[in-house]
Amino acid sequence: MKKLFLLFALILIFSLPACKLFDWDWKTDCELKQCETVSHSTGVCDPGFFNAYCKCEENYFWNWDTRDACVNPCDSKSCKIAHSTGECTSLSYDEYECGCEKGYFWNKDELKCSNPCDAKPCGDGQHLRECRPLSKTDFSCYCEEGYYFDGEKCAGLPECSPENVTPCKDSSTWLAWSSKLSENQLNHCLNVSEGGMSDWQWPLIDQLRTLIQNCPNTEPGGECSLVWDSFPFFGYLENCESCEESDSGRYSKFGDKEELRSGTWISYNHSPLYNLVVNFGNAAIEEKENKDAVGIDSRCTRCLEGYFWFEGKCIYSPCNSDPCRDIPHAISECWPESATKYECDCEKGWFWDGSKCVDPCEGVSCDVPDSTGQCIGEKWNKYSCECEKKVWDYSNGRCITVCENNPCDAIPHANGCVPKNDTEYYCSCEDKYYWNGEECVPY
């Protein structure tokens, strides 16, 4: 009980303002500050909790060391240092940062612009394509075609063959391959580390298929094909006749003789999922019901550094030159689409049009009846005006009631539009049909 009482007393003490508990005269303390005479002060004194202080103008901060001035550290610090743009930004009364040139980052501990690549962390440059700084401490090493960064230097992978150890590379596709993994390891391809590489992935069927040889029908480019009815799961195999059985390993670039499992699943008309596998005993590409595929081994794969998978092989990524870095309103994240095309992430309200970030609301006036006047960008060439208790009519550029253009008119078996509220509706349906939220379907 005594401990409970003590705890209650402590809570009471710390929940009361210090000025009430100890009867301190904060008004007198603020009067002593004479904030109206402090340079760069707004003239307003804040009693704070334990210490009164003067509120400062924008970009100025109360000096908690001397407690008598509003300071901006940029007034006394110079950013005329190596690799700086000369721009100074105050962060607090005793902290600032300098703007740095492209590829350099402010090091607040050493008060300089630093580039982690200056220390040559990617090695002596042999077979090195580029060291790219990501932050003051992080970087990425990009090696020449056929080489990978092993943590110390650009090293060459051996060509995949039954004789060579893994990891290895397949120069026909620029895919790297790991050692064979058991089924219970497959979900951990991202955690596999071999040859200094740690971003392995479970191979898709078109990647695993590149290991087939001596069987033209199922090799890449052969008649065997995976036809998608509805990507990503609904599809079927077509013209996938195998070659005759052989236990020599002749159908695999690794000399494998058994089945290897891919990371591709398909389903037939909502049937159970089937996992696609390659049987290197006869070069067959087959589907196995998921429960039957459990226990089949596979290999992890990845494109070599700086490459991405495109149309059956790994190609050098156009994002390696960091093209988004110099595009106005682009965030540096880059997504390769082909050997020459890429997409940049854009700032909020801006959209990628294939070559630049654009604002679809630029030059648009939403001064239309029943609109709030606010323009909302939806994609690079599409916008809407925010409406008050109505919806935007894209075709005619105006705010209309939700059923005014009868959106149910083109829906089969619908016979009218019924508003649910200002912005939502449902379609009334013919006899023996009901509205499921998208269409009229039979009972």
# chains A, B, ... in the order shown; residues from 1 in each chain; ligands from 1

$ residues_around --residues "Val358 of chain A" --least-positions-apart "5" --cutoff "12 Å" --atoms "only C-alpha atoms" --output "PyMOL selection string"
chain A and resi 327-330+344-353+363+377-383

$ write_last_selection --atoms "C-alpha atoms" --output "short mmCIF file (atom, residue, chain, number, x, y, z; two decimals), in the first residue's frame"
data_model
loop_
_atom_site.label_atom_id
_atom_site.label_comp_id
_atom_site.auth_asym_id
_atom_site.auth_seq_id
_atom_site.Cartn_x
_atom_site.Cartn_y
_atom_site.Cartn_z
CA ILE A 327 15.00 15.23 -64.41
CA PRO A 328 12.95 18.01 -62.72
CA HIS A 329 10.36 16.76 -60.21
CA ALA A 330 11.67 13.17 -60.49
CA CYS A 344 11.13 7.51 -63.11
CA ASP A 345 9.11 7.92 -59.96
CA CYS A 346 7.78 11.48 -59.77
CA GLU A 347 6.99 13.77 -56.89
CA LYS A 348 3.44 13.83 -55.53
CA GLY A 349 1.12 15.46 -58.05
CA TRP A 350 3.52 14.81 -60.95
CA PHE A 351 3.31 11.89 -63.40
CA TRP A 352 5.74 10.20 -65.81
CA ASP A 353 4.82 10.68 -69.49
CA GLY A 363 -2.67 25.57 -66.86
CA GLY A 377 -4.06 14.93 -61.18
CA GLU A 378 -4.79 11.26 -61.91
CA LYS A 379 -2.16 10.39 -64.52
CA TRP A 380 0.10 12.32 -66.84
CA ASN A 381 -2.71 13.19 -69.28
CA LYS A 382 -5.75 12.99 -67.02
CA TYR A 383 -7.16 15.21 -64.30
#

$ select_by_dssp --residues "segment 119-278 of chain A" --states "helix (DSSP H, G or I)" --output "PyMOL selection string"
chain A and resi 119+183-191+205-211

$ closest_atom_pairs --of "segment 189-226 of chain A" --to "segment 277-297 of chain A" --cutoff "10 Å" --atoms "only C-alpha atoms" --output "JSON lines"
{"residue": "A:Leu204", "atom": "CA", "partner": "A:Val277", "partner_atom": "CA", "distance": 9.8}
{"residue": "A:Ile205", "atom": "CA", "partner": "A:Val277", "partner_atom": "CA", "distance": 7.4}
{"residue": "A:Leu208", "atom": "CA", "partner": "A:Val278", "partner_atom": "CA", "distance": 7.4}
{"residue": "A:Arg209", "atom": "CA", "partner": "A:Val278", "partner_atom": "CA", "distance": 7.1}
{"residue": "A:Leu211", "atom": "CA", "partner": "A:Phe280", "partner_atom": "CA", "distance": 9.2}
{"residue": "A:Ile212", "atom": "CA", "partner": "A:Ala283", "partner_atom": "CA", "distance": 6.5}
{"residue": "A:Gln213", "atom": "CA", "partner": "A:Ala283", "partner_atom": "CA", "distance": 7.9}
{"residue": "A:Asn214", "atom": "CA", "partner": "A:Ala283", "partner_atom": "CA", "distance": 8.4}
{"residue": "A:Cys215", "atom": "CA", "partner": "A:Ala283", "partner_atom": "CA", "distance": 6.5}
{"residue": "A:Pro216", "atom": "CA", "partner": "A:Ala283", "partner_atom": "CA", "distance": 9.4}
{"residue": "A:Asn217", "atom": "CA", "partner": "A:Ala283", "partner_atom": "CA", "distance": 8.9}
{"residue": "A:Thr218", "atom": "CA", "partner": "A:Ala283", "partner_atom": "CA", "distance": 6.7}
{"residue": "A:Glu219", "atom": "CA", "partner": "A:Ala283", "partner_atom": "CA", "distance": 8.3}
{"residue": "A:Cys224", "atom": "CA", "partner": "A:Ile285", "partner_atom": "CA", "distance": 8.1}
{"residue": "A:Ser225", "atom": "CA", "partner": "A:Ile285", "partner_atom": "CA", "distance": 9.4}
{"residue": "A:Leu226", "atom": "CA", "partner": "A:Ile285", "partner_atom": "CA", "distance": 9.7}

$ write_last_selection --atoms "N, CA and C atoms" --output "PDB file, in the first residue's frame"
ATOM      1  N   LEU A 204      11.771 -17.988 -62.612  1.00  0.00           N
ATOM      2  CA  LEU A 204      10.531 -18.177 -63.359  1.00  0.00           C
ATOM      3  C   LEU A 204      10.746 -19.301 -64.367  1.00  0.00           C
ATOM      4  N   ILE A 205       9.670 -19.822 -64.911  1.00  0.00           N
ATOM      5  CA  ILE A 205       9.809 -20.962 -65.821  1.00  0.00           C
ATOM      6  C   ILE A 205      10.619 -20.602 -67.062  1.00  0.00           C
ATOM      7  N   LEU A 208      14.268 -20.803 -65.891  1.00  0.00           N
ATOM      8  CA  LEU A 208      14.719 -22.189 -65.688  1.00  0.00           C
ATOM      9  C   LEU A 208      14.841 -22.919 -67.021  1.00  0.00           C
ATOM     10  N   ARG A 209      13.985 -22.570 -67.962  1.00  0.00           N
ATOM     11  CA  ARG A 209      13.998 -23.198 -69.284  1.00  0.00           C
ATOM     12  C   ARG A 209      15.296 -22.928 -70.043  1.00  0.00           C
ATOM     13  N   LEU A 211      18.137 -23.377 -69.151  1.00  0.00           N
ATOM     14  CA  LEU A 211      19.144 -24.397 -68.845  1.00  0.00           C
ATOM     15  C   LEU A 211      18.956 -25.656 -69.677  1.00  0.00           C
ATOM     16  N   ILE A 212      17.842 -25.735 -70.436  1.00  0.00           N
ATOM     17  CA  ILE A 212      17.604 -26.905 -71.290  1.00  0.00           C
ATOM     18  C   ILE A 212      18.481 -26.821 -72.538  1.00  0.00           C
ATOM     19  N   GLN A 213      19.055 -27.942 -72.922  1.00  0.00           N
ATOM     20  CA  GLN A 213      19.825 -28.028 -74.164  1.00  0.00           C
ATOM     21  C   GLN A 213      19.541 -29.378 -74.831  1.00  0.00           C
ATOM     22  N   ASN A 214      19.845 -29.447 -76.115  1.00  0.00           N
ATOM     23  CA  ASN A 214      19.723 -30.698 -76.894  1.00  0.00           C
ATOM     24  C   ASN A 214      18.274 -31.190 -77.031  1.00  0.00           C
ATOM     25  N   CYS A 215      17.311 -30.318 -76.868  1.00  0.00           N
ATOM     26  CA  CYS A 215      15.903 -30.669 -77.097  1.00  0.00           C
ATOM     27  C   CYS A 215      15.204 -29.433 -77.644  1.00  0.00           C
ATOM     28  N   PRO A 216      15.251 -29.206 -78.961  1.00  0.00           N
ATOM     29  CA  PRO A 216      14.790 -27.955 -79.566  1.00  0.00           C
ATOM     30  C   PRO A 216      13.364 -27.549 -79.201  1.00  0.00           C
ATOM     31  N   ASN A 217      12.471 -28.500 -78.982  1.00  0.00           N
ATOM     32  CA  ASN A 217      11.072 -28.151 -78.738  1.00  0.00           C
ATOM     33  C   ASN A 217      10.868 -27.406 -77.423  1.00  0.00           C
ATOM     34  N   THR A 218      11.648 -27.750 -76.393  1.00  0.00           N
ATOM     35  CA  THR A 218      11.457 -27.110 -75.091  1.00  0.00           C
ATOM     36  C   THR A 218      12.571 -26.134 -74.744  1.00  0.00           C
ATOM     37  N   GLU A 219      13.605 -26.032 -75.583  1.00  0.00           N
ATOM     38  CA  GLU A 219      14.615 -25.000 -75.386  1.00  0.00           C
ATOM     39  C   GLU A 219      13.967 -23.624 -75.608  1.00  0.00           C
ATOM     40  N   CYS A 224       7.219 -25.213 -77.604  1.00  0.00           N
ATOM     41  CA  CYS A 224       6.562 -25.251 -76.300  1.00  0.00           C
ATOM     42  C   CYS A 224       6.333 -23.833 -75.791  1.00  0.00           C
ATOM     43  N   SER A 225       5.103 -23.550 -75.361  1.00  0.00           N
ATOM     44  CA  SER A 225       4.813 -22.199 -74.897  1.00  0.00           C
ATOM     45  C   SER A 225       3.821 -22.246 -73.730  1.00  0.00           C
ATOM     46  N   LEU A 226       3.903 -21.235 -72.912  1.00  0.00           N
ATOM     47  CA  LEU A 226       2.957 -21.047 -71.814  1.00  0.00           C
ATOM     48  C   LEU A 226       1.996 -19.951 -72.239  1.00  0.00           C
TER      49      LEU A 226
END

$ residues_around --residues "Glu31 of chain A" --least-positions-apart "6" --cutoff "12 Å" --atoms "only C-alpha atoms" --output "tab-separated table (two decimals) with N, CA and C atoms, in the first residue's frame"
chain	number	residue	atom	x	y	z
A	25	ASP	N	7.39	32.41	-10.22
A	25	ASP	CA	6.79	33.55	-10.92
A	25	ASP	C	7.36	33.62	-12.34
A	37	THR	N	14.29	43.20	-26.90
A	37	THR	CA	15.61	43.78	-27.17
A	37	THR	C	16.57	42.75	-27.77
A	43	GLY	N	10.10	39.02	-30.09
A	43	GLY	CA	9.70	39.82	-28.95
A	43	GLY	C	8.79	39.10	-27.98
A	44	VAL	N	8.47	37.85	-28.29
A	44	VAL	CA	7.58	37.06	-27.45
A	44	VAL	C	8.39	36.13	-26.56
A	45	CYS	N	8.05	36.10	-25.28
A	45	CYS	CA	8.72	35.19	-24.35
A	45	CYS	C	7.80	34.01	-24.06
A	46	ASP	N	8.36	32.81	-24.11
A	46	ASP	CA	7.62	31.59	-23.78
A	46	ASP	C	8.16	31.08	-22.46
A	47	PRO	N	7.30	30.88	-21.45
A	47	PRO	CA	7.81	30.44	-20.14
A	47	PRO	C	8.38	29.03	-20.16
A	52	ALA	N	12.42	29.74	-19.27
A	52	ALA	CA	11.80	30.66	-20.21
A	52	ALA	C	12.77	30.94	-21.36
A	53	TYR	N	12.21	31.23	-22.53
A	53	TYR	CA	13.06	31.53	-23.69
A	53	TYR	C	12.32	32.47	-24.62
A	54	CYS	N	13.09	33.12	-25.47
A	54	CYS	CA	12.52	34.04	-26.45
A	54	CYS	C	12.24	33.29	-27.74

$ residues_around --residues "segment 96-101 of chain A" --least-positions-apart "6" --cutoff "9 Å" --atoms "only C-alpha atoms" --output "PDB file with N, CA and C atoms, in the first residue's frame"
ATOM      1  N   ASN A  72      21.597  31.922 -35.799  1.00  0.00           N
ATOM      2  CA  ASN A  72      21.536  31.125 -37.010  1.00  0.00           C
ATOM      3  C   ASN A  72      22.970  30.684 -37.277  1.00  0.00           C
ATOM      4  N   PRO A  73      23.271  29.390 -37.105  1.00  0.00           N
ATOM      5  CA  PRO A  73      24.662  28.954 -37.254  1.00  0.00           C
ATOM      6  C   PRO A  73      25.250  29.266 -38.619  1.00  0.00           C
ATOM      7  N   CYS A  74      24.384  29.453 -39.630  1.00  0.00           N
ATOM      8  CA  CYS A  74      24.897  29.775 -40.962  1.00  0.00           C
ATOM      9  C   CYS A  74      25.477  31.189 -41.020  1.00  0.00           C
ATOM     10  N   LYS A  77      29.073  30.232 -40.004  1.00  0.00           N
ATOM     11  CA  LYS A  77      29.729  29.111 -40.668  1.00  0.00           C
ATOM     12  C   LYS A  77      29.741  29.338 -42.174  1.00  0.00           C
ATOM     13  N   SER A  78      30.791  28.895 -42.814  1.00  0.00           N
ATOM     14  CA  SER A  78      30.914  29.038 -44.269  1.00  0.00           C
ATOM     15  C   SER A  78      30.806  27.684 -44.941  1.00  0.00           C
ATOM     16  N   CYS A  79      30.045  27.619 -46.034  1.00  0.00           N
ATOM     17  CA  CYS A  79      29.936  26.394 -46.816  1.00  0.00           C
ATOM     18  C   CYS A  79      30.796  26.454 -48.071  1.00  0.00           C
ATOM     19  N   LYS A  80      31.780  27.349 -48.060  1.00  0.00           N
ATOM     20  CA  LYS A  80      32.726  27.413 -49.177  1.00  0.00           C
ATOM     21  C   LYS A  80      33.808  26.378 -48.951  1.00  0.00           C
ATOM     22  N   ILE A  81      33.386  25.120 -49.090  1.00  0.00           N
ATOM     23  CA  ILE A  81      34.301  23.991 -48.883  1.00  0.00           C
ATOM     24  C   ILE A  81      34.238  23.081 -50.099  1.00  0.00           C
ATOM     25  N   ALA A  82      35.128  22.118 -50.169  1.00  0.00           N
ATOM     26  CA  ALA A  82      35.223  21.228 -51.332  1.00  0.00           C
ATOM     27  C   ALA A  82      33.915  20.487 -51.573  1.00  0.00           C
ATOM     28  N   HIS A  83      33.485  20.464 -52.820  1.00  0.00           N
ATOM     29  CA  HIS A  83      32.318  19.721 -53.290  1.00  0.00           C
ATOM     30  C   HIS A  83      31.001  20.229 -52.706  1.00  0.00           C
ATOM     31  N   SER A  84      30.997  21.449 -52.189  1.00  0.00           N
ATOM     32  CA  SER A  84      29.759  22.043 -51.677  1.00  0.00           C
ATOM     33  C   SER A  84      29.199  23.022 -52.700  1.00  0.00           C
ATOM     34  N   THR A  85      27.881  23.171 -52.709  1.00  0.00           N
ATOM     35  CA  THR A  85      27.233  24.152 -53.574  1.00  0.00           C
ATOM     36  C   THR A  85      27.292  25.543 -52.959  1.00  0.00           C
ATOM     37  N   GLY A  86      27.745  25.627 -51.705  1.00  0.00           N
ATOM     38  CA  GLY A  86      27.816  26.895 -50.996  1.00  0.00           C
ATOM     39  C   GLY A  86      26.560  27.231 -50.225  1.00  0.00           C
ATOM     40  N   GLU A  87      25.498  26.439 -50.405  1.00  0.00           N
ATOM     41  CA  GLU A  87      24.237  26.690 -49.714  1.00  0.00           C
ATOM     42  C   GLU A  87      24.318  26.158 -48.286  1.00  0.00           C
ATOM     43  N   CYS A  88      23.879  26.969 -47.335  1.00  0.00           N
ATOM     44  CA  CYS A  88      23.897  26.580 -45.920  1.00  0.00           C
ATOM     45  C   CYS A  88      22.464  26.554 -45.390  1.00  0.00           C
ATOM     46  N   THR A  89      22.125  25.510 -44.656  1.00  0.00           N
ATOM     47  CA  THR A  89      20.802  25.371 -44.052  1.00  0.00           C
ATOM     48  C   THR A  89      20.945  25.161 -42.551  1.00  0.00           C
ATOM     49  N   SER A  90      20.306  26.016 -41.764  1.00  0.00           N
ATOM     50  CA  SER A  90      20.350  25.883 -40.309  1.00  0.00           C
ATOM     51  C   SER A  90      19.347  24.829 -39.856  1.00  0.00           C
ATOM     52  N   ASN A 107      28.286  15.226 -44.418  1.00  0.00           N
ATOM     53  CA  ASN A 107      28.714  14.435 -43.269  1.00  0.00           C
ATOM     54  C   ASN A 107      28.728  15.355 -42.058  1.00  0.00           C
ATOM     55  N   LYS A 108      27.685  15.243 -41.220  1.00  0.00           N
ATOM     56  CA  LYS A 108      27.542  16.177 -40.094  1.00  0.00           C
ATOM     57  C   LYS A 108      28.593  15.931 -39.011  1.00  0.00           C
ATOM     58  N   LEU A 111      31.709  17.471 -40.846  1.00  0.00           N
ATOM     59  CA  LEU A 111      31.395  18.786 -41.424  1.00  0.00           C
ATOM     60  C   LEU A 111      32.038  18.968 -42.798  1.00  0.00           C
ATOM     61  N   LYS A 112      31.731  17.996 -43.675  1.00  0.00           N
ATOM     62  CA  LYS A 112      32.242  18.089 -45.037  1.00  0.00           C
ATOM     63  C   LYS A 112      31.318  17.310 -45.974  1.00  0.00           C
ATOM     64  N   CYS A 113      31.458  17.572 -47.283  1.00  0.00           N
ATOM     65  CA  CYS A 113      30.725  16.814 -48.297  1.00  0.00           C
ATOM     66  C   CYS A 113      31.551  15.591 -48.666  1.00  0.00           C
ATOM     67  N   SER A 114      30.977  14.425 -48.486  1.00  0.00           N
ATOM     68  CA  SER A 114      31.742  13.203 -48.710  1.00  0.00           C
ATOM     69  C   SER A 114      31.096  12.332 -49.771  1.00  0.00           C
TER      70      SER A 114
END

$ residues_around --residues "Glu163 of chain A" --least-positions-apart "6" --cutoff "12 Å" --atoms "only C-alpha atoms" --output "mmCIF file with N, CA, C and O atoms, in the first residue's frame"
data_model
loop_
_atom_site.group_PDB
_atom_site.id
_atom_site.type_symbol
_atom_site.label_atom_id
_atom_site.label_comp_id
_atom_site.auth_asym_id
_atom_site.auth_seq_id
_atom_site.Cartn_x
_atom_site.Cartn_y
_atom_site.Cartn_z
ATOM 1 N N LYS A 253 22.442 -27.872 -68.906
ATOM 2 C CA LYS A 253 23.751 -27.221 -68.952
ATOM 3 C C LYS A 253 24.573 -27.549 -67.711
ATOM 4 O O LYS A 253 25.799 -27.400 -67.720
ATOM 5 N N PHE A 254 23.891 -27.980 -66.646
ATOM 6 C CA PHE A 254 24.596 -28.396 -65.430
ATOM 7 C C PHE A 254 24.819 -29.905 -65.380
ATOM 8 O O PHE A 254 25.477 -30.403 -64.473
ATOM 9 N N GLY A 255 24.211 -30.625 -66.321
ATOM 10 C CA GLY A 255 24.268 -32.074 -66.238
ATOM 11 C C GLY A 255 23.238 -32.638 -65.284
ATOM 12 O O GLY A 255 23.304 -33.816 -64.898
ATOM 13 N N ASP A 256 22.241 -31.799 -64.872
ATOM 14 C CA ASP A 256 21.179 -32.299 -64.000
ATOM 15 C C ASP A 256 20.369 -33.371 -64.718
ATOM 16 O O ASP A 256 20.135 -33.296 -65.926
#
